[in-house]
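S.K.: Dropping the structure in here first, questions after.
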Amino acid sequence: MKIDKKKRDSTTARRTIHAFFICFSKLLQEEPFEKISVSDICNEAHIPRATFYNYFNDKEDLLASYCSSFLDTMSMKPPAKETNIEEYARYAMRTLLMNLSRDQEVHRRIYQKNEQGKFLQELKHCMHSKLKEYFDSTDQHILDMPMDLEIDLLSNLFITLSEWWLFNSDTYDCEEFVDKFCQLIR
């Protein structure tokens, strides 16, 4: 994101960014990310293109901010500092699924329209960053392998499994699915 944290935290900036996110979410439900233009986003938001470029370098920058914000709202940090890695994985997956379930139909449409594109790649990248942040704060591992490979595998696993759950939540409730996920990574 272009603007610094101090400016980003102003009421006006938060409202403007929120308006872009809402319109971007609406457009992602209708078209794949690759077909959405900056003009489409600005027209939908009723905000001038110049204002868009005050906040974002391009639509990829908006996508990165949108995905990061989505994961930030989930509070991926465990409630207790001494949480072990399996408890953290359980907590993070449960938090991800609960957040997806709040607007399940919206998320389903976004995933359906963007199942093979840059949107899911960026979401995995943001999940990778969140997991790296956690792993950097602890010396624990789930898998016996280099940390960067473990983080890559887990970030892909989180996003892939959450996508599967989003379309199959009638098969497993959230807690049941989280238990299956934890069995998988043991």
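Residues in the structure tokens are named by chain (A, B, ... in the order shown) and by number from 1 within that chain; ligands are numbered from 1 in the order shown.
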Could you give me, as an MDAnalysis selection string, the residues within 8 Å of region 137-143 of chain A, counting only C-alpha atoms and dropping anything in the same chain fewer than 4 positions from it?

M.R.: chainID A and resid 84:86 133 147 150 185:186

S.K.: Please dump the current selection as a PDB file, in the first residue's frame; keep all heavy atoms.

M.R.:
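The resulting again12.pdb:
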```pdb
ATOM      1  N   ASN A  84       1.540 -24.167  21.722  1.00  0.00           N
ATOM      2  CA  ASN A  84       2.435 -25.006  20.920  1.00  0.00           C
ATOM      3  C   ASN A  84       1.966 -24.992  19.465  1.00  0.00           C
ATOM      4  O   ASN A  84       0.882 -24.513  19.144  1.00  0.00           O
ATOM      5  CB  ASN A  84       2.558 -26.421  21.499  1.00  0.00           C
ATOM      6  CG  ASN A  84       1.308 -27.251  21.305  1.00  0.00           C
ATOM      7  OD1 ASN A  84       0.627 -27.185  20.281  1.00  0.00           O
ATOM      8  ND2 ASN A  84       0.987 -28.061  22.297  1.00  0.00           N
ATOM      9  N   ILE A  85       2.780 -25.528  18.599  1.00  0.00           N
ATOM     10  CA  ILE A  85       2.555 -25.405  17.164  1.00  0.00           C
ATOM     11  C   ILE A  85       1.260 -26.104  16.717  1.00  0.00           C
ATOM     12  O   ILE A  85       0.535 -25.593  15.870  1.00  0.00           O
ATOM     13  CB  ILE A  85       3.789 -25.899  16.361  1.00  0.00           C
ATOM     14  CG1 ILE A  85       3.709 -25.451  14.918  1.00  0.00           C
ATOM     15  CG2 ILE A  85       3.961 -27.391  16.475  1.00  0.00           C
ATOM     16  CD1 ILE A  85       3.961 -23.995  14.725  1.00  0.00           C
ATOM     17  N   GLU A  86       0.941 -27.243  17.303  1.00  0.00           N
ATOM     18  CA  GLU A  86      -0.302 -27.919  16.921  1.00  0.00           C
ATOM     19  C   GLU A  86      -1.511 -27.109  17.393  1.00  0.00           C
ATOM     20  O   GLU A  86      -2.503 -26.987  16.665  1.00  0.00           O
ATOM     21  CB  GLU A  86      -0.371 -29.334  17.484  1.00  0.00           C
ATOM     22  CG  GLU A  86      -1.589 -30.077  16.951  1.00  0.00           C
ATOM     23  CD  GLU A  86      -1.690 -31.517  17.401  1.00  0.00           C
ATOM     24  OE1 GLU A  86      -0.647 -32.162  17.605  1.00  0.00           O
ATOM     25  OE2 GLU A  86      -2.831 -31.976  17.548  1.00  0.00           O
ATOM     26  N   GLU A 133       5.585 -15.325  10.178  1.00  0.00           N
ATOM     27  CA  GLU A 133       5.629 -14.459  11.362  1.00  0.00           C
ATOM     28  C   GLU A 133       5.535 -15.301  12.641  1.00  0.00           C
ATOM     29  O   GLU A 133       6.268 -15.088  13.594  1.00  0.00           O
ATOM     30  CB  GLU A 133       4.466 -13.472  11.281  1.00  0.00           C
ATOM     31  CG  GLU A 133       4.441 -12.400  12.310  1.00  0.00           C
ATOM     32  CD  GLU A 133       3.241 -11.477  12.088  1.00  0.00           C
ATOM     33  OE1 GLU A 133       3.074 -10.955  10.959  1.00  0.00           O
ATOM     34  OE2 GLU A 133       2.473 -11.300  13.046  1.00  0.00           O
ATOM     35  N   MET A 147      12.327 -25.001   7.469  1.00  0.00           N
ATOM     36  CA  MET A 147      11.207 -24.135   7.833  1.00  0.00           C
ATOM     37  C   MET A 147      10.532 -23.505   6.621  1.00  0.00           C
ATOM     38  O   MET A 147       9.301 -23.445   6.560  1.00  0.00           O
ATOM     39  CB  MET A 147      11.654 -23.039   8.797  1.00  0.00           C
ATOM     40  CG  MET A 147      10.471 -22.226   9.314  1.00  0.00           C
ATOM     41  SD  MET A 147      10.878 -20.827  10.342  1.00  0.00           S
ATOM     42  CE  MET A 147      11.694 -21.590  11.697  1.00  0.00           C
ATOM     43  N   GLU A 150       8.292 -26.050   5.049  1.00  0.00           N
ATOM     44  CA  GLU A 150       7.164 -26.312   5.940  1.00  0.00           C
ATOM     45  C   GLU A 150       6.116 -25.197   5.839  1.00  0.00           C
ATOM     46  O   GLU A 150       4.919 -25.458   5.741  1.00  0.00           O
ATOM     47  CB  GLU A 150       7.656 -26.444   7.380  1.00  0.00           C
ATOM     48  CG  GLU A 150       6.577 -26.775   8.369  1.00  0.00           C
ATOM     49  CD  GLU A 150       7.121 -27.084   9.756  1.00  0.00           C
ATOM     50  OE1 GLU A 150       8.331 -26.960   9.995  1.00  0.00           O
ATOM     51  OE2 GLU A 150       6.300 -27.456  10.609  1.00  0.00           O
ATOM     52  N   ILE A 185      -1.869 -33.178   9.879  1.00  0.00           N
ATOM     53  CA  ILE A 185      -0.528 -32.601  10.082  1.00  0.00           C
ATOM     54  C   ILE A 185       0.264 -33.251  11.203  1.00  0.00           C
ATOM     55  O   ILE A 185       1.423 -32.901  11.425  1.00  0.00           O
ATOM     56  CB  ILE A 185      -0.605 -31.065  10.333  1.00  0.00           C
ATOM     57  CG1 ILE A 185      -1.402 -30.746  11.585  1.00  0.00           C
ATOM     58  CG2 ILE A 185      -1.167 -30.366   9.097  1.00  0.00           C
ATOM     59  CD1 ILE A 185      -1.365 -29.281  11.973  1.00  0.00           C
ATOM     60  N   ARG A 186      -0.337 -34.211  11.901  1.00  0.00           N
ATOM     61  CA  ARG A 186       0.414 -34.907  12.972  1.00  0.00           C
ATOM     62  C   ARG A 186       1.462 -35.802  12.417  1.00  0.00           C
ATOM     63  O   ARG A 186       1.509 -36.410  11.483  1.00  0.00           O
ATOM     64  CB  ARG A 186      -0.535 -35.729  13.837  1.00  0.00           C
ATOM     65  CG  ARG A 186      -1.128 -34.920  14.923  1.00  0.00           C
ATOM     66  CD  ARG A 186      -1.842 -35.781  15.928  1.00  0.00           C
ATOM     67  NE  ARG A 186      -2.809 -34.919  16.543  1.00  0.00           N
ATOM     68  CZ  ARG A 186      -4.098 -35.155  16.608  1.00  0.00           C
ATOM     69  NH1 ARG A 186      -4.594 -36.284  16.181  1.00  0.00           N
ATOM     70  NH2 ARG A 186      -4.899 -34.295  17.148  1.00  0.00           N
TER      71      ARG A 186
END
```

S.K.: Just list as number ranges by chain whatever in chain A DSSP marks as alpha helix (DSSP H).

M.R.: A: 5-8, 11-30, 38-45, 49-55, 59-72, 85-102, 104-113, 118-136, 147-168, 174-185

S.K.: Taking into account only C-alpha atoms, which residue in the set A:Thr12, A:Ser39, A:Gln116, A:Ser155 is nearest to Ala89 (chain A)?

M.R.: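 For Ala89 (chain A), the nearest of the given residues is A:Ser155.
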
S.K.: Closest to Phe24 (chain A) among A:Arg102, A:Lys59, A:His125, A:Lys132, using only C-alpha atoms?

M.R.: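 Closest to Phe24 (chain A), using only C-alpha atoms: A:Lys59.
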
S.K.: Expressed in Å to a single decimal, how great is the separation between CA of Phe52 (chain A) and CA of Met1 (chain A)?

M.R.: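 Between CA of Phe52 (chain A) and CA of Met1 (chain A) the gap works out to 10.7 Å.
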